[in-house]
>>> print(open('data_39.csv').read())   # CSV, C-alpha atoms and all ligand atoms
chain,number,residue,atom,x,y,z
L,1,MET,CA,11.4,-0.2,1.1
L,2,PRO,CA,7.9,-0.6,2.6
L,3,GLN,CA,7.1,1.1,5.9
L,4,ARG,CA,7.3,-1.3,8.9
L,5,ILE,CA,4.2,-1.4,11.0
L,6,VAL,CA,3.1,-3.1,14.2
L,7,ALA,CA,-0.6,-2.7,14.8
L,8,GLY,CA,-2.9,-3.9,17.6
L,9,ASN,CA,-6.5,-4.8,17.0
L,10,TRP,CA,-8.3,-4.7,20.3
L,11,LYS,CA,-11.5,-6.1,18.7
L,12,MET,CA,-14.4,-5.7,21.2
L,13,HIS,CA,-12.2,-5.4,24.3
L,14,GLY,CA,-11.3,-2.4,26.5
L,15,SER,CA,-12.7,0.3,28.7
L,16,ARG,CA,-11.8,3.8,29.8
L,17,ALA,CA,-9.8,2.4,32.8
L,18,PHE,CA,-8.1,-0.2,30.6
L,19,SER,CA,-7.1,2.4,28.0
L,20,ALA,CA,-5.6,4.7,30.6
L,21,GLY,CA,-3.6,1.9,32.2
L,22,TYR,CA,-2.5,0.6,28.8
L,23,LEU,CA,-1.0,4.0,27.6
L,24,LYS,CA,0.6,4.6,31.0
L,25,SER,CA,2.6,1.4,30.7
L,26,LEU,CA,3.9,2.6,27.3
L,27,GLU,CA,5.1,5.9,28.7
L,28,GLY,CA,8.6,6.6,29.7
L,29,GLY,CA,10.3,6.6,26.2
L,30,ALA,CA,9.6,2.9,25.3
L,31,LEU,CA,8.3,4.0,21.9
L,32,ALA,CA,10.8,6.8,21.3
L,33,GLY,CA,12.9,6.7,18.1
L,34,LEU,CA,11.4,3.5,16.7
L,35,GLY,CA,12.0,2.5,13.1
L,36,CYS,CA,8.5,1.2,12.7
L,37,ASP,CA,5.0,2.8,13.0
L,38,VAL,CA,2.8,1.7,15.9
L,39,LEU,CA,-1.0,1.6,15.3
L,40,LEU,CA,-3.9,0.7,17.6
L,41,PHE,CA,-7.4,-0.2,16.6
L,42,PRO,CA,-9.5,0.1,19.7
L,43,PRO,CA,-13.3,0.1,19.9
L,44,ALA,CA,-14.4,3.4,18.3
L,45,ILE,CA,-16.1,4.7,21.5
L,46,LEU,CA,-12.6,4.9,23.1
L,47,LEU,CA,-11.1,7.1,20.4
L,48,PRO,CA,-11.8,10.5,21.9
L,49,LEU,CA,-10.2,9.4,25.2
L,50,LEU,CA,-7.2,7.8,23.5
L,51,SER,CA,-6.5,10.4,20.8
L,52,THR,CA,-4.3,12.9,22.6
L,53,PRO,CA,-2.3,10.6,24.8
L,54,ALA,CA,-1.7,8.1,21.9
L,55,SER,CA,-0.5,10.9,19.6
L,56,ASP,CA,1.8,12.1,22.4
L,57,LEU,CA,3.4,8.6,22.3
L,58,GLY,CA,3.6,8.6,18.5
L,59,ILE,CA,0.8,6.0,18.1
L,60,GLU,CA,-1.7,6.4,15.3
L,61,LEU,CA,-5.3,5.2,15.9
L,62,GLY,CA,-7.8,3.6,13.7
L,63,VAL,CA,-11.3,2.1,13.7
L,64,GLN,CA,-12.2,-1.5,13.0
L,65,THR,CA,-14.6,-0.8,10.1
L,66,VAL,CA,-16.6,2.1,8.6
L,67,HIS,CA,-19.9,2.3,6.8
L,68,PRO,CA,-19.9,3.2,3.1
L,69,GLU,CA,-22.2,6.2,3.5
L,70,PRO,CA,-21.2,9.5,5.1
L,71,GLN,CA,-24.4,9.8,7.1
L,72,GLY,CA,-28.0,8.6,7.2
L,73,ALA,CA,-30.5,6.2,8.7
L,74,PHE,CA,-28.1,3.4,9.5
L,75,THR,CA,-28.7,2.7,13.2
L,76,GLY,CA,-25.6,1.5,15.0
L,77,GLU,CA,-23.2,2.2,12.2
L,78,LEU,CA,-20.2,4.6,12.0
L,79,ALA,CA,-19.3,6.8,9.1
L,80,ALA,CA,-15.6,7.2,8.0
L,81,GLU,CA,-16.0,11.0,8.5
L,82,MET,CA,-17.1,10.5,12.1
L,83,ALA,CA,-14.1,8.2,12.8
L,84,ALA,CA,-11.7,10.8,11.4
L,85,ASP,CA,-13.5,13.5,13.4
L,86,ALA,CA,-12.9,11.4,16.6
L,87,GLY,CA,-9.2,11.0,16.0
L,88,ALA,CA,-8.9,8.0,13.7
L,89,VAL,CA,-6.1,8.1,11.1
L,90,TRP,CA,-6.6,4.5,9.9
L,91,THR,CA,-9.4,2.0,9.4
L,92,LEU,CA,-9.3,-1.8,9.2
L,93,LEU,CA,-11.3,-3.0,6.2
L,94,GLY,CA,-12.6,-6.5,5.5
L,95,HIS,CA,-11.4,-8.1,8.7
L,96,SER,CA,-12.4,-11.8,8.6
L,97,GLU,CA,-14.7,-11.4,11.6
L,98,ARG,CA,-16.5,-8.6,9.7
L,99,ARG,CA,-16.7,-10.8,6.6
L,100,GLN,CA,-17.8,-14.0,8.5
L,101,LEU,CA,-19.9,-12.6,11.4
L,102,PHE,CA,-21.4,-9.5,9.7
L,103,GLY,CA,-21.7,-10.6,6.1
L,104,GLU,CA,-19.3,-8.1,4.5
L,105,SER,CA,-18.7,-9.2,0.9
L,106,ASP,CA,-15.8,-8.3,-1.2
L,107,GLU,CA,-18.0,-5.6,-2.8
L,108,ASP,CA,-19.0,-4.2,0.6
L,109,VAL,CA,-15.4,-4.0,1.6
L,110,ALA,CA,-14.5,-2.1,-1.6
L,111,LEU,CA,-17.3,0.4,-0.9
L,112,ARG,CA,-16.1,0.9,2.6
L,113,ALA,CA,-12.6,1.4,1.3
L,114,LEU,CA,-13.9,4.1,-1.0
L,115,ALA,CA,-15.6,5.7,2.0
L,116,ALA,CA,-12.4,5.6,4.0
L,117,ARG,CA,-10.4,7.4,1.3
L,118,ARG,CA,-13.2,10.0,0.9
L,119,ALA,CA,-12.8,10.8,4.6
L,120,GLY,CA,-9.0,10.8,4.3
L,121,LEU,CA,-8.5,7.6,6.4
L,122,LYS,CA,-5.6,5.2,5.6
L,123,PRO,CA,-7.0,1.8,4.7
L,124,MET,CA,-5.6,-1.4,6.3
L,125,LEU,CA,-7.2,-4.0,4.0
L,126,CYS,CA,-7.4,-7.5,5.6
L,127,VAL,CA,-7.4,-10.5,3.4
L,128,GLY,CA,-7.1,-14.2,4.1
L,129,GLU,CA,-8.4,-17.7,3.3
L,130,SER,CA,-10.4,-20.1,5.5
L,131,LEU,CA,-9.0,-23.6,6.4
L,132,ALA,CA,-11.4,-25.2,3.8
L,133,GLU,CA,-10.2,-22.8,1.1
L,134,ARG,CA,-6.5,-23.6,1.9
L,135,GLN,CA,-7.2,-27.3,1.9
L,136,ARG,CA,-8.9,-27.1,-1.5
L,137,GLY,CA,-5.8,-25.3,-2.8
L,138,ASP,CA,-7.8,-22.1,-3.3
L,139,ALA,CA,-5.9,-19.8,-0.9
L,140,ASP,CA,-4.1,-17.8,-3.6
L,141,ALA,CA,-7.3,-17.3,-5.7
L,142,VAL,CA,-9.4,-16.3,-2.6
L,143,VAL,CA,-6.8,-13.7,-1.5
L,144,THR,CA,-6.3,-12.4,-5.1
L,145,GLY,CA,-10.1,-12.0,-5.4
L,146,GLN,CA,-10.3,-10.0,-2.1
L,147,LEU,CA,-7.5,-7.7,-3.3
L,148,ASP,CA,-8.8,-7.3,-6.8
L,149,ALA,CA,-12.3,-6.2,-5.6
L,150,VAL,CA,-10.8,-3.3,-3.7
L,151,LEU,CA,-8.1,-2.5,-6.3
L,152,GLU,CA,-10.8,-2.2,-9.0
L,153,LEU,CA,-12.5,0.7,-7.1
L,154,LEU,CA,-9.5,2.3,-5.5
L,155,GLY,CA,-6.6,1.7,-7.8
L,156,ASP,CA,-3.4,3.4,-6.7
L,157,ASP,CA,-5.2,5.1,-3.8
L,158,LEU,CA,-5.0,1.9,-1.8
L,159,ALA,CA,-1.2,2.6,-1.6
L,160,SER,CA,-2.0,5.2,1.1
L,161,GLY,CA,-2.5,2.3,3.5
L,162,GLY,CA,-1.5,-1.3,4.1
L,163,ILE,CA,-2.5,-4.9,3.6
L,164,ALA,CA,-2.9,-7.4,6.4
L,165,TYR,CA,-2.7,-11.1,5.5
L,166,GLU,CA,-4.7,-12.9,8.1
L,167,PRO,CA,-5.4,-16.6,7.4
L,168,VAL,CA,-8.7,-17.2,9.1
L,169,TRP,CA,-7.6,-20.5,10.6
L,170,ALA,CA,-4.7,-18.8,12.4
L,171,ILE,CA,-6.9,-16.1,14.1
L,172,GLY,CA,-7.3,-16.5,17.8
L,173,SER,CA,-6.5,-20.2,17.4
L,174,GLY,CA,-3.0,-20.3,18.7
L,175,GLU,CA,-2.1,-21.7,15.3
L,176,THR,CA,0.3,-19.5,13.3
L,177,ALA,CA,1.2,-19.8,9.7
L,178,SER,CA,4.8,-20.9,9.5
L,179,PRO,CA,7.1,-18.0,8.5
L,180,GLU,CA,7.7,-19.8,5.2
L,181,MET,CA,4.0,-20.2,4.5
L,182,ALA,CA,3.3,-16.6,5.4
L,183,GLN,CA,6.2,-15.4,3.3
L,184,ALA,CA,4.9,-17.3,0.3
L,185,MET,CA,1.5,-15.6,0.5
L,186,HIS,CA,3.0,-12.2,1.1
L,187,SER,CA,5.2,-12.6,-1.9
L,188,MET,CA,2.1,-13.7,-3.9
L,189,ILE,CA,0.3,-10.5,-2.7
L,190,ARG,CA,3.3,-8.3,-3.6
L,191,GLY,CA,3.1,-9.8,-7.1
L,192,VAL,CA,-0.7,-8.9,-7.4
L,193,LEU,CA,0.1,-5.4,-6.3
L,194,ARG,CA,3.2,-5.1,-8.6
L,195,ARG,CA,1.1,-6.1,-11.6
L,196,ARG,CA,-1.0,-2.9,-11.0
L,197,SER,CA,1.8,-0.5,-10.1
L,198,GLU,CA,5.2,0.0,-8.5
L,199,ARG,CA,3.5,2.3,-5.9
L,200,LEU,CA,1.2,-0.4,-4.8
L,201,ALA,CA,4.1,-2.9,-4.7
L,202,GLU,CA,5.7,-0.7,-2.0
L,203,MET,CA,2.8,-1.1,0.4
L,204,PRO,CA,3.5,-2.6,3.8
L,205,ILE,CA,2.1,-6.1,4.0
L,206,LEU,CA,1.4,-7.2,7.6
L,207,TYR,CA,0.9,-10.7,8.9
L,208,GLY,CA,-1.9,-11.4,11.4
L,209,GLY,CA,-3.0,-14.6,13.2
L,210,SER,CA,-1.8,-15.6,16.7
L,211,VAL,CA,1.3,-13.3,16.6
L,212,LYS,CA,3.1,-13.3,19.9
L,213,PRO,CA,6.4,-12.3,21.3
L,214,GLU,CA,7.7,-15.9,20.9
L,215,ASN,CA,7.0,-16.1,17.1
L,216,ALA,CA,7.3,-12.5,16.0
L,217,ALA,CA,11.0,-12.4,15.3
L,218,ALA,CA,10.9,-15.4,12.9
L,219,LEU,CA,8.0,-13.9,11.0
L,220,PHE,CA,9.7,-10.4,10.8
L,221,SER,CA,12.9,-12.0,9.4
L,222,GLU,CA,11.0,-12.9,6.2
L,223,ASN,CA,11.6,-10.5,3.2
L,224,ASP,CA,8.0,-9.6,2.5
L,225,ILE,CA,6.6,-9.5,6.1
L,226,ASP,CA,6.6,-5.8,6.9
L,227,GLY,CA,4.8,-6.0,10.2
L,228,ALA,CA,2.1,-7.5,12.2
L,229,LEU,CA,-1.6,-7.0,13.0
L,230,VAL,CA,-1.9,-8.4,16.5
L,231,GLY,CA,-5.1,-9.4,18.2
L,232,GLY,CA,-5.1,-11.1,21.6
L,233,ALA,CA,-1.4,-10.3,22.4
L,234,SER,CA,-2.0,-6.6,21.8
L,235,LEU,CA,-4.3,-6.5,24.8
L,236,ASP,CA,-1.2,-7.0,27.0
L,237,PRO,CA,1.0,-3.9,26.7
L,238,ALA,CA,4.1,-5.8,27.7
L,239,ALA,CA,3.5,-8.5,25.0
L,240,PHE,CA,2.7,-5.8,22.4
L,241,LEU,CA,5.9,-3.9,23.3
L,242,ALA,CA,7.9,-7.1,23.0
L,243,ILE,CA,6.5,-7.6,19.4
L,244,ILE,CA,7.4,-4.0,18.6
L,245,MET,CA,10.9,-4.7,19.8
L,246,ALA,CA,11.1,-7.9,17.7
L,247,MET,CA,10.4,-5.7,14.7
L,248,GLU,CA,13.1,-3.3,15.8
L,249,THR,CA,15.7,-6.0,16.0
L,250,HIS,CA,14.6,-8.4,13.2
L,251,GLY,CA,12.4,-6.5,10.8
L,252,ASN,CA,14.1,-3.3,10.0
L,253,PRO,CA,16.7,-3.1,7.3
L,301,LIG,P1,-5.1,-13.0,17.1
L,301,LIG,O1,-3.7,-12.3,17.2
L,301,LIG,O2,-5.8,-13.0,18.5
L,301,LIG,O3,-5.0,-14.3,16.5
L,301,LIG,O4,-6.0,-12.1,16.2
L,301,LIG,C1,-5.5,-11.7,14.9
L,301,LIG,C2,-6.4,-10.7,14.3
L,301,LIG,O5,-7.5,-11.0,13.9
L,301,LIG,C3,-5.9,-9.3,14.2
L,301,LIG,O6,-6.7,-8.5,13.5
>>> encode(input="data_39.csv", output="structure tokens")
Amino acid sequence: MPQRIVAGNWKMHGSRAFSAGYLKSLEGGALAGLGCDVLLFPPAILLPLLSTPASDLGIELGVQTVHPEPQGAFTGELAAEMAADAGAVWTLLGHSERRQLFGESDEDVALRALAARRAGLKPMLCVGESLAERQRGDADAVVTGQLDAVLELLGDDLASGGIAYEPVWAIGSGETASPEMAQAMHSMIRGVLRRRSERLAEMPILYGGSVKPENAAALFSENDIDGALVGGASLDPAAFLAIIMAMETHGNP
């Protein structure tokens, strides 16, 4: 059975004061004894501040991307080794905003995945098609290509992390893939992984794209939806907690 995961991607939001208040509202045993893992991907600069209190609450932290190289003249970039040193356990890879706004190609994403593993970070590989690609009937081919590019370099080592299916048209738009549509893609992804190995087929596959307390239970009730990568709603600790509780009641076997 794949591990269940609820993850929050803060994107470029947060501050020291926000972080302290956020963790305070999760204190008091709300996260004790959960059947799922809880991850947060804050801006990297907040990691040193969050690392100890998050770990006390049982939350694992990650960064939102890493550079392929371990060090060098790459102004503004962050090496996977530095992220690990600052308290990251995970890294997102190939988030659609990185692909679209910062030009990360499938090949770049694969090199970053290799760097993540070199530094011992668990990779959370994000895949997903644009609206135009879905309308053309290319969604499966696009997602398969994004997976294959990383699997070619990493092989079974990708199994140390997870996959997040995030249809680009559902991100920040208020539009969610229906549970059936998401399940169909998750099942397709599971098939791609299974063709490579049984170990890869056991990876958690998360859904992302306008996940909220109101739609989480229906998504988590689907067989191949093992969790969620939550953007906007993860900035509100009460909403994030409600999504975690939806996983507890609807997602865990
Ligand atoms: P939203 O939940 O805001 O749609 O963002 C999804 C996402 O991109 C998470 O990585």
>>> axis_aligned_box(input="data_39.csv", around="ligand LIG 301 (chain L)", padding_each_side="3 Å", output="JSON")
{"center_x": -5.6, "center_y": -11.4, "center_z": 16.0, "size_x": 9.8, "size_y": 11.8, "size_z": 11.0}
>>> residues_near_ligand(input="data_39.csv", ligand="ligand LIG 301 (chain L)", cutoff="7 Å", atoms="all atoms listed in the file", output="ChimeraX atom specification")
/L:9,95,166,170-174,208-211,229-233
>>> residues_around(input="data_39.csv", residues="range 114-118 of chain L", least_positions_apart="6", cutoff="8 Å", atoms="all atoms listed in the file", output="VMD selection string")
chain L and resid 66 to 70 80 to 81 91 153 to 154 157
>>> closest_residue(input="data_39.csv", among="L:Arg4, L:Lys122, L:Arg112, L:Arg98", to="Ala84 in chain L", atoms="only C-alpha atoms")
L:Lys122
>>> residues_near_point(input="data_39.csv", point="(4.0, 2.2, 11.3)", cutoff="9 Å", atoms="only C-alpha atoms", output="PyMOL selection string")
chain L and resi 3-7+35-39+59-60+204+227
>>> residues_around(input="data_39.csv", residues="Asp236 in chain L", least_positions_apart="3", cutoff="12 Å", atoms="all atoms listed in the file", output="PDB file with C-alpha atoms, keeping the file's coordinate frame")
ATOM      1  CA  GLY L   8      -2.900  -3.900  17.600  1.00  0.00           C
ATOM      2  CA  ASN L   9      -6.500  -4.800  17.000  1.00  0.00           C
ATOM      3  CA  TRP L  10      -8.300  -4.700  20.300  1.00  0.00           C
ATOM      4  CA  HIS L  13     -12.200  -5.400  24.300  1.00  0.00           C
ATOM      5  CA  GLY L  14     -11.300  -2.400  26.500  1.00  0.00           C
ATOM      6  CA  PHE L  18      -8.100  -0.200  30.600  1.00  0.00           C
ATOM      7  CA  SER L  19      -7.100   2.400  28.000  1.00  0.00           C
ATOM      8  CA  GLY L  21      -3.600   1.900  32.200  1.00  0.00           C
ATOM      9  CA  TYR L  22      -2.500   0.600  28.800  1.00  0.00           C
ATOM     10  CA  LEU L  23      -1.000   4.000  27.600  1.00  0.00           C
ATOM     11  CA  SER L  25       2.600   1.400  30.700  1.00  0.00           C
ATOM     12  CA  LEU L  26       3.900   2.600  27.300  1.00  0.00           C
ATOM     13  CA  LYS L 212       3.100 -13.300  19.900  1.00  0.00           C
ATOM     14  CA  PRO L 213       6.400 -12.300  21.300  1.00  0.00           C
ATOM     15  CA  VAL L 230      -1.900  -8.400  16.500  1.00  0.00           C
ATOM     16  CA  GLY L 231      -5.100  -9.400  18.200  1.00  0.00           C
ATOM     17  CA  GLY L 232      -5.100 -11.100  21.600  1.00  0.00           C
ATOM     18  CA  ALA L 233      -1.400 -10.300  22.400  1.00  0.00           C
ATOM     19  CA  ALA L 239       3.500  -8.500  25.000  1.00  0.00           C
ATOM     20  CA  PHE L 240       2.700  -5.800  22.400  1.00  0.00           C
ATOM     21  CA  LEU L 241       5.900  -3.900  23.300  1.00  0.00           C
ATOM     22  CA  ALA L 242       7.900  -7.100  23.000  1.00  0.00           C
ATOM     23  CA  ILE L 243       6.500  -7.600  19.400  1.00  0.00           C
TER      24      ILE L 243
END
>>> residues_around(input="data_39.csv", residues="Ile225 in chain L", least_positions_apart="2", cutoff="7 Å", atoms="all atoms listed in the file", output="PyMOL selection string")
chain L and resi 183+186+205-207+219-220+222-223+227
>>> atom_distance(input="data_39.csv", atom1="CA of Ala119 in chain L", atom2="CA of Arg194 in chain L")
26.1 Å
>>> residues_around(input="data_39.csv", residues="Gln100 in chain L", least_positions_apart="6", cutoff="12 Å", atoms="all atoms listed in the file", output="list in words")
Gly94, Asp106, Gly128, Glu129, Ser130 and Val168 of chain L
>>> atom_distance(input="data_39.csv", atom1="CA of Ala238 in chain L", atom2="CA of Leu40 in chain L")
14.4 Å
>>> closest_residue(input="data_39.csv", among="L:Ala17, L:Met181, L:Leu31, L:Val142", to="Ala218 in chain L", atoms="only C-alpha atoms")
L:Met181
>>> closest_atom_pairs(input="data_39.csv", of="range 80-122 of chain L", to="range 46-58 of chain L", cutoff="9 Å", atoms="only C-alpha atoms", output="Markdown table")
| residue | atom | partner | partner_atom | distance |
| --- | --- | --- | --- | --- |
| L:Ala83 | CA | L:Leu47 | CA | 8.2 |
| L:Ala86 | CA | L:Pro48 | CA | 5.5 |
| L:Gly87 | CA | L:Ser51 | CA | 5.5 |
| L:Ala88 | CA | L:Leu47 | CA | 7.1 |
>>> residues_around(input="data_39.csv", residues="Gly155 in chain L", least_positions_apart="4", cutoff="12 Å", atoms="all atoms listed in the file", output="number ranges by chain")
L: 110, 113-114, 117, 147-151, 159-160, 193-200
>>> closest_residue(input="data_39.csv", among="L:Leu61, L:Glu77, L:Gly191, L:Leu131", to="Ala177 in chain L", atoms="all atoms listed in the file")
L:Leu131
>>> closest_residue(input="data_39.csv", among="L:Arg16, L:Glu104, L:Cys126, L:Arg134", to="Trp169 in chain L", atoms="all atoms listed in the file")
L:Arg134
>>> atom_distance(input="data_39.csv", atom1="CA of Ala184 in chain L", atom2="CA of Asp224 in chain L")
8.6 Å
>>> closest_residue(input="data_39.csv", among="L:Met203, L:Thr176, L:Ala79, L:Thr65", to="Phe102 in chain L", atoms="all atoms listed in the file")
L:Thr65
